[in-house]
$ cat start-v4.cif   # mmCIF, C-alpha atoms
data_work
loop_
_atom_site.label_atom_id
_atom_site.label_comp_id
_atom_site.auth_asym_id
_atom_site.auth_seq_id
_atom_site.Cartn_x
_atom_site.Cartn_y
_atom_site.Cartn_z
CA MET A 1 109.30 43.95 72.86
CA ASP A 2 108.44 43.57 76.53
CA LEU A 3 111.95 44.65 77.43
CA LEU A 4 111.58 47.75 75.28
CA ALA A 5 108.31 48.67 76.99
CA GLN A 6 109.92 48.19 80.40
CA ALA A 7 112.88 50.38 79.38
CA ASP A 8 110.46 53.04 78.16
CA THR A 9 108.60 53.02 81.49
CA ALA A 10 111.86 53.19 83.40
CA LEU A 11 112.98 56.11 81.24
CA ASP A 12 109.73 57.97 81.95
CA GLY A 13 110.20 57.36 85.67
CA LEU A 14 113.77 58.61 85.55
CA LYS A 15 112.64 61.68 83.62
CA ALA A 16 110.03 62.51 86.28
CA LEU A 17 112.58 61.87 89.04
CA GLY A 18 115.11 64.13 87.32
CA ALA A 19 112.51 66.86 86.84
CA GLY A 20 111.50 66.77 90.51
CA LEU A 21 115.09 66.67 91.74
CA GLY A 22 116.07 69.46 89.36
CA TYR A 23 113.23 71.68 90.59
CA GLY A 24 114.14 71.02 94.21
CA LEU A 25 117.84 71.65 93.66
CA ALA A 26 117.11 74.79 91.65
CA ALA A 27 115.15 76.18 94.62
CA ILE A 28 118.07 75.80 97.08
CA GLY A 29 120.24 78.59 95.63
CA PRO A 30 117.43 81.18 95.45
CA GLY A 31 116.38 80.17 98.98
CA VAL A 32 119.85 81.02 100.29
CA GLY A 33 119.90 84.19 98.18
CA ILE A 34 116.51 85.38 99.43
CA GLY A 35 117.62 84.71 103.01
CA LEU A 36 120.68 86.90 102.46
CA VAL A 37 118.65 89.67 100.79
CA VAL A 38 115.99 89.80 103.52
CA GLY A 39 118.54 89.46 106.35
CA ASN A 40 120.58 92.37 105.06
CA ALA A 41 117.46 94.43 104.33
CA ILE A 42 116.30 93.96 107.93
CA THR A 43 119.74 95.00 109.19
CA ALA A 44 119.60 98.10 106.98
CA MET A 45 116.08 98.99 108.19
CA ALA A 46 117.12 98.51 111.82
CA ARG A 47 120.08 100.83 111.32
CA GLN A 48 118.21 103.45 109.32
CA PRO A 49 114.45 103.18 109.85
CA GLU A 50 113.86 106.35 107.82
CA SER A 51 115.13 104.60 104.68
CA ALA A 52 112.83 101.58 105.14
CA GLY A 53 110.73 102.45 102.07
CA MET A 54 113.75 102.52 99.77
CA VAL A 55 115.22 99.37 101.33
CA ARG A 56 111.93 97.48 100.96
CA THR A 57 111.60 98.52 97.32
CA THR A 58 115.11 97.30 96.57
CA MET A 59 114.52 94.16 98.65
CA PHE A 60 111.35 93.23 96.76
CA LEU A 61 113.04 93.63 93.39
CA GLY A 62 116.09 91.71 94.61
CA ILE A 63 113.90 88.88 95.81
CA ALA A 64 111.99 88.81 92.52
CA PHE A 65 115.24 88.63 90.55
CA THR A 66 116.57 85.87 92.80
CA GLU A 67 113.30 84.00 92.39
CA ALA A 68 113.82 84.00 88.62
CA LEU A 69 116.47 81.30 89.18
CA ALA A 70 113.89 79.07 90.83
CA LEU A 71 111.49 79.80 87.98
CA ILE A 72 114.14 78.59 85.52
CA GLY A 73 114.16 75.32 87.47
CA PHE A 74 110.36 75.30 87.32
CA VAL A 75 110.43 75.78 83.56
CA VAL A 76 112.91 72.90 83.21
CA PHE A 77 110.55 70.80 85.36
CA ILE A 78 107.64 71.60 83.03
CA LEU A 79 109.63 70.89 79.89
CA LEU A 80 111.10 67.60 81.19
CA ASN A 81 107.76 66.36 82.46
CA PHE A 82 105.39 67.41 79.69
CA ALA A 83 107.28 68.35 76.49
CA MET B 1 112.90 104.76 126.06
CA SER B 2 109.45 106.23 125.56
CA ASP B 3 106.38 104.19 124.56
CA GLU B 4 106.37 105.89 121.19
CA ARG B 5 109.95 104.80 120.52
CA VAL B 6 109.10 101.20 121.44
CA LYS B 7 106.06 101.30 119.16
CA SER B 8 108.07 102.58 116.20
CA ASN B 9 110.54 99.72 116.58
CA ASP B 10 107.85 97.02 116.65
CA GLY B 11 107.56 96.66 112.89
CA VAL B 12 109.79 97.65 109.99
CA GLN B 13 107.29 100.08 108.55
CA PRO B 14 107.91 103.46 110.14
CA GLY B 15 106.34 105.31 107.23
CA GLY B 16 102.74 104.35 108.04
CA ASP B 17 100.67 101.92 105.97
CA HIS B 18 102.40 102.61 102.66
CA ALA B 19 103.63 99.33 101.12
CA PRO B 20 106.14 99.82 98.27
CA GLU B 21 105.98 96.09 97.40
CA ARG B 22 102.27 96.41 96.61
CA ASP B 23 102.91 99.47 94.45
CA ILE B 24 105.60 97.65 92.48
CA ALA B 25 103.47 94.52 91.95
CA PHE B 26 100.50 96.68 90.88
CA ASP B 27 102.73 98.69 88.51
CA MET B 28 104.05 95.51 86.94
CA ALA B 29 100.57 94.04 86.48
CA ARG B 30 99.35 97.32 84.97
CA ARG B 31 102.25 97.56 82.52
CA SER B 32 101.92 93.92 81.48
CA LEU B 33 98.35 94.57 80.30
CA TRP B 34 99.81 96.36 77.26
CA VAL B 35 101.93 93.41 76.13
CA PHE B 36 100.05 90.40 77.40
CA PRO B 37 97.08 90.32 74.94
CA ALA B 38 99.48 90.57 71.99
CA TRP B 39 101.53 87.66 73.32
CA VAL B 40 98.40 85.53 73.80
CA VAL B 41 97.42 86.21 70.18
CA VAL B 42 100.93 85.31 68.96
CA SER B 43 100.83 82.10 71.04
CA GLY B 44 97.43 81.31 69.56
CA ILE B 45 98.79 81.73 66.03
CA ILE B 46 101.84 79.54 66.70
CA TRP B 47 100.42 76.82 68.98
CA GLY B 48 96.69 77.14 68.48
CA MET B 49 93.99 77.57 71.12
CA GLY B 50 95.92 75.44 73.62
CA GLY B 51 98.94 77.70 73.25
CA ALA B 52 96.89 80.84 73.87
CA LEU B 53 95.26 79.34 76.97
CA SER B 54 98.61 78.06 78.27
CA SER B 55 100.18 81.50 77.78
CA ALA B 56 97.28 83.07 79.66
CA LEU B 57 97.78 80.56 82.48
CA GLY B 58 101.52 81.32 82.58
CA TYR B 59 100.79 85.05 82.79
CA VAL B 60 98.27 84.52 85.61
CA LEU B 61 100.81 82.39 87.49
CA VAL B 62 103.55 85.04 87.21
CA VAL B 63 101.36 88.01 88.17
CA GLY B 64 99.66 86.01 90.94
CA ASN B 65 103.06 84.94 92.25
CA LEU B 66 104.30 88.54 92.37
CA ALA B 67 101.06 89.78 93.94
CA ALA B 68 101.17 87.04 96.59
CA ALA B 69 104.82 87.85 97.37
CA ALA B 70 103.99 91.56 97.67
CA ALA B 71 100.97 90.96 99.90
CA LEU B 72 102.90 88.60 102.18
CA MET B 73 105.85 90.99 102.48
CA ALA B 74 103.61 93.99 103.14
CA TRP B 75 101.90 92.03 105.93
CA GLY B 76 105.24 90.86 107.33
CA ALA B 77 106.70 94.38 107.26
CA ARG B 78 103.61 95.69 109.09
CA THR B 79 103.92 93.00 111.74
CA SER B 80 107.59 92.57 112.72
CA PRO B 81 111.06 91.89 111.27
CA VAL B 82 110.76 88.24 112.32
CA ALA B 83 107.42 87.95 110.50
CA LEU B 84 108.97 89.59 107.42
CA MET B 85 111.80 87.04 107.38
CA GLY B 86 109.38 84.17 108.01
CA VAL B 87 106.78 85.05 105.41
CA THR B 88 109.41 85.86 102.80
CA LEU B 89 111.25 82.54 103.11
CA GLY B 90 108.17 80.44 103.95
CA GLY B 91 106.20 82.20 101.24
CA PHE B 92 108.90 81.40 98.70
CA ILE B 93 108.60 77.66 99.33
CA VAL B 94 104.78 77.77 99.46
CA ARG B 95 104.55 79.79 96.23
CA LEU B 96 106.86 77.38 94.40
CA ALA B 97 104.77 74.46 95.62
CA VAL B 98 101.56 76.20 94.51
CA LEU B 99 103.03 76.89 91.05
CA ALA B 100 103.99 73.22 90.65
CA GLY B 101 100.60 72.11 92.02
CA VAL B 102 98.67 74.29 89.57
CA VAL B 103 100.70 73.07 86.59
CA LEU B 104 100.37 69.43 87.66
CA ALA B 105 96.63 69.88 88.15
CA VAL B 106 96.14 71.54 84.77
CA SER B 107 98.50 69.31 82.74
CA PRO B 108 95.99 66.45 82.16
CA LEU B 109 93.55 68.92 80.56
CA GLY B 110 93.51 68.96 76.79
CA PHE B 111 94.63 72.53 76.22
CA PHE B 112 97.91 72.32 78.15
CA GLU B 113 100.98 73.17 76.03
CA PRO B 114 104.31 73.09 77.90
CA VAL B 115 106.42 75.26 75.57
CA PRO B 116 104.25 78.43 75.53
CA ILE B 117 103.66 78.27 79.29
CA ALA B 118 107.41 77.86 79.88
CA ILE B 119 108.27 80.80 77.59
CA THR B 120 105.54 82.97 79.14
CA ILE B 121 106.63 82.30 82.72
CA LEU B 122 110.29 83.11 82.12
CA ALA B 123 109.83 85.99 79.68
CA SER B 124 107.06 87.74 81.60
CA HIS B 125 108.78 87.43 84.99
CA LEU B 126 112.14 88.72 83.77
CA GLY B 127 110.64 91.20 81.31
CA LEU B 128 108.35 92.79 83.87
CA LEU B 129 111.18 93.04 86.40
CA VAL B 130 113.58 94.67 83.96
CA TRP B 131 110.84 97.04 82.82
CA GLU B 132 109.95 97.96 86.40
CA ILE B 133 113.54 98.39 87.56
CA ARG B 134 114.05 101.22 85.04
CA TYR B 135 111.35 103.24 86.80
CA VAL B 136 112.39 102.22 90.29
CA SER B 137 116.06 103.10 89.75
CA LEU B 138 115.02 106.52 88.43
CA ARG B 139 112.76 107.04 91.43
CA LEU B 140 115.49 105.98 93.88
CA ALA B 141 118.06 108.20 92.18
CA ALA B 142 115.76 111.24 92.15
CA PRO B 143 112.98 110.83 94.74
CA GLY B 144 111.35 114.15 93.80
CA LEU B 145 110.92 113.15 90.18
CA ASP B 146 107.37 112.54 89.03
CA LEU B 147 107.71 110.03 86.21
CA SER B 148 104.06 110.22 85.28
CA ARG B 149 104.27 113.95 84.44
CA PRO B 150 107.52 114.96 82.69
CA GLY B 151 108.88 118.32 83.81
CA LYS B 152 106.95 118.42 87.13
CA GLU B 153 108.21 117.70 90.62
CA GLN B 154 106.29 115.82 93.30
CA LYS B 155 105.18 117.82 96.33
#

$ encode --input "start-v4.cif" --output "structure tokens"
Amino acid sequence: MDLLAQADTALDGLKALGAGLGYGLAAIGPGVGIGLVVGNAITAMARQPESAGMVRTTMFLGIAFTEALALIGFVVFILLNFA
Amino acid sequence: MSDERVKSNDGVQPGGDHAPERDIAFDMARRSLWVFPAWVVVSGIIWGMGGALSSALGYVLVVGNLAAAAALMAWGARTSPVALMGVTLGGFIVRLAVLAGVVLAVSPLGFFEPVPIAITILASHLGLLVWEIRYVSLRLAAPGLDLSRPGKEQK
């Protein structure tokens, strides 16, 4: 019985660890992606300042779409921790 | 190089104070007001009061996240390209941490339901973006088109 309780506690701990690690790992890809999007947007704005408005619009939407990947990791974190 | 030229290269916002990010975030928040109350009611029917409150929290997190991103980027674009890069990447990490912090802080409260908040966060973020991109792609393809008044062109 005691062993079962210990295994249960260990399982909860592993679940929380997995959720945290998953969230962190899920944020790495979007971080790289956002860096690429912003870097290229700045290059485009430096080359053609008159198109900055269009570039910034596209950049914001690109960043928001990239961020959706991190939000999927966040949702997995919520479900693993609390569901 | 004249002073004016140097000044125009300081930031990445040659078009004055207009911030397209803010417009997009405001548009998305405005459009979501049509769908959001219905979704809260549906969540309430399926998961009860806790589900409705959790859905509302998820919606606030998504719209707040987009608004914070827009405000940070508008400030960064007004300041300098380096600031834009810094606030975009730094803001991404900070916003993710704030989202996790809010959920962890709220989770011990009685009303917290993980499934509706998870569905709301994913569906509203992706749904609002897809909805917005239809208008933005039309605007980028035909800049003179006034989408609010069919058949009229913007001056």

$ closest_atom_pairs --input "start-v4.cif" --of "chain B" --to "chain A" --cutoff "6 Å" --atoms "all atoms listed in the file" --output "tab-separated table"
residue	atom	partner	partner_atom	distance
B:Pro20	CA	A:Thr57	CA	5.7
B:Pro114	CA	A:Ala83	CA	5.8
B:Ala118	CA	A:Val75	CA	5.2

$ atom_distance --input "start-v4.cif" --atom1 "atom CA of Ile93 of chain B" --atom2 "atom CA of Leu14 of chain A"
24.1 Å

$ atom_distance --input "start-v4.cif" --atom1 "atom CA of Ala68 of chain B" --atom2 "atom CA of Gly110 of chain B"
27.9 Å

$ residues_around --input "start-v4.cif" --residues "Ala67 of chain B" --least-positions-apart "4" --cutoff "12 Å" --atoms "only C-alpha atoms" --output "mmCIF file with C-alpha atoms, keeping the file's coordinate frame"
data_model
loop_
_atom_site.group_PDB
_atom_site.id
_atom_site.type_symbol
_atom_site.label_atom_id
_atom_site.label_comp_id
_atom_site.auth_asym_id
_atom_site.auth_seq_id
_atom_site.Cartn_x
_atom_site.Cartn_y
_atom_site.Cartn_z
ATOM 1 C CA PHE A 60 111.350 93.230 96.760
ATOM 2 C CA ALA A 64 111.990 88.810 92.520
ATOM 3 C CA GLU B 21 105.980 96.090 97.400
ATOM 4 C CA ARG B 22 102.270 96.410 96.610
ATOM 5 C CA ASP B 23 102.910 99.470 94.450
ATOM 6 C CA ILE B 24 105.600 97.650 92.480
ATOM 7 C CA ALA B 25 103.470 94.520 91.950
ATOM 8 C CA PHE B 26 100.500 96.680 90.880
ATOM 9 C CA ASP B 27 102.730 98.690 88.510
ATOM 10 C CA MET B 28 104.050 95.510 86.940
ATOM 11 C CA ALA B 29 100.570 94.040 86.480
ATOM 12 C CA ARG B 30 99.350 97.320 84.970
ATOM 13 C CA VAL B 60 98.270 84.520 85.610
ATOM 14 C CA LEU B 61 100.810 82.390 87.490
ATOM 15 C CA VAL B 62 103.550 85.040 87.210
ATOM 16 C CA VAL B 63 101.360 88.010 88.170
ATOM 17 C CA ALA B 71 100.970 90.960 99.900
ATOM 18 C CA LEU B 72 102.900 88.600 102.180
ATOM 19 C CA MET B 73 105.850 90.990 102.480
ATOM 20 C CA ALA B 74 103.610 93.990 103.140
ATOM 21 C CA GLY B 91 106.200 82.200 101.240
ATOM 22 C CA ARG B 95 104.550 79.790 96.230
#

$ atom_distance --input "start-v4.cif" --atom1 "atom CA of Ala83 of chain B" --atom2 "atom CA of His18 of chain B"
17.4 Å

$ resolve_selection --input "start-v4.cif" --expression "the PyMOL selection byres ((chain B and resi 43) around 12)" --output "PyMOL selection string"
chain B and resi 36-42+44-58+113-120

$ closest_residue --input "start-v4.cif" --among "B:Arg78, B:Glu132, B:Ser107, B:His125" --to "Gly64 of chain B" --atoms "only C-alpha atoms"
B:His125

$ build_atoms --input "start-v4.cif" --residues "segment 22-51 of chain B" --atoms "N, CA and C atoms" --output "compact mmCIF listing (two decimals), in the frame of the given file"
# COMPACT_ATOMS: atom_id res chain seq x y z
N ARG B 22 103.59 96.45 97.27
CA ARG B 22 102.27 96.41 96.61
C ARG B 22 102.25 97.34 95.40
N ASP B 23 102.85 98.52 95.57
CA ASP B 23 102.91 99.47 94.45
C ASP B 23 103.65 98.87 93.26
N ILE B 24 104.79 98.22 93.56
CA ILE B 24 105.60 97.65 92.48
C ILE B 24 104.82 96.54 91.77
N ALA B 25 104.21 95.64 92.56
CA ALA B 25 103.47 94.52 91.95
C ALA B 25 102.30 95.06 91.11
N PHE B 26 101.62 96.10 91.61
CA PHE B 26 100.50 96.68 90.88
C PHE B 26 100.98 97.33 89.59
N ASP B 27 102.12 98.05 89.69
CA ASP B 27 102.73 98.69 88.51
C ASP B 27 103.05 97.66 87.45
N MET B 28 103.65 96.55 87.88
CA MET B 28 104.05 95.51 86.94
C MET B 28 102.83 94.89 86.26
N ALA B 29 101.80 94.62 87.05
CA ALA B 29 100.57 94.04 86.48
C ALA B 29 99.94 95.00 85.49
N ARG B 30 99.96 96.30 85.84
CA ARG B 30 99.35 97.32 84.97
C ARG B 30 100.11 97.42 83.64
N ARG B 31 101.45 97.43 83.74
CA ARG B 31 102.25 97.56 82.52
C ARG B 31 102.11 96.33 81.64
N SER B 32 101.98 95.16 82.27
CA SER B 32 101.92 93.92 81.48
C SER B 32 100.64 93.84 80.65
N LEU B 33 99.61 94.60 81.05
CA LEU B 33 98.35 94.57 80.30
C LEU B 33 98.51 95.08 78.87
N TRP B 34 99.58 95.86 78.62
CA TRP B 34 99.81 96.36 77.26
C TRP B 34 100.37 95.26 76.35
N VAL B 35 101.21 94.40 76.94
CA VAL B 35 101.93 93.41 76.13
C VAL B 35 101.22 92.07 76.11
N PHE B 36 100.58 91.74 77.23
CA PHE B 36 100.05 90.40 77.40
C PHE B 36 99.03 89.96 76.32
N PRO B 37 98.04 90.79 75.97
CA PRO B 37 97.08 90.32 74.94
C PRO B 37 97.75 90.01 73.61
N ALA B 38 98.76 90.81 73.25
CA ALA B 38 99.48 90.57 71.99
C ALA B 38 100.20 89.23 72.04
N TRP B 39 100.81 88.93 73.18
CA TRP B 39 101.53 87.66 73.32
C TRP B 39 100.57 86.47 73.26
N VAL B 40 99.39 86.62 73.85
CA VAL B 40 98.40 85.53 73.80
C VAL B 40 97.97 85.27 72.35
N VAL B 41 97.79 86.37 71.59
CA VAL B 41 97.42 86.21 70.18
C VAL B 41 98.54 85.51 69.41
N VAL B 42 99.79 85.94 69.64
CA VAL B 42 100.93 85.31 68.96
C VAL B 42 101.00 83.82 69.33
N SER B 43 100.82 83.51 70.60
CA SER B 43 100.83 82.10 71.04
C SER B 43 99.72 81.32 70.34
N GLY B 44 98.56 81.96 70.22
CA GLY B 44 97.43 81.31 69.56
C GLY B 44 97.74 81.00 68.10
N ILE B 45 98.44 81.94 67.44
CA ILE B 45 98.79 81.73 66.03
C ILE B 45 99.80 80.58 65.90
N ILE B 46 100.78 80.56 66.81
CA ILE B 46 101.84 79.54 66.70
C ILE B 46 101.36 78.17 67.19
N TRP B 47 100.75 78.12 68.36
CA TRP B 47 100.42 76.82 68.98
C TRP B 47 98.92 76.51 69.00
N GLY B 48 98.12 77.39 68.48
CA GLY B 48 96.69 77.14 68.48
C GLY B 48 96.02 77.59 69.78
N MET B 49 94.77 77.17 69.94
CA MET B 49 93.99 77.57 71.12
C MET B 49 94.66 77.15 72.43
N GLY B 50 95.23 75.93 72.42
CA GLY B 50 95.92 75.44 73.62
C GLY B 50 97.08 76.34 74.00
N GLY B 51 97.81 76.82 72.99
CA GLY B 51 98.94 77.70 73.25
C GLY B 51 98.49 79.02 73.86
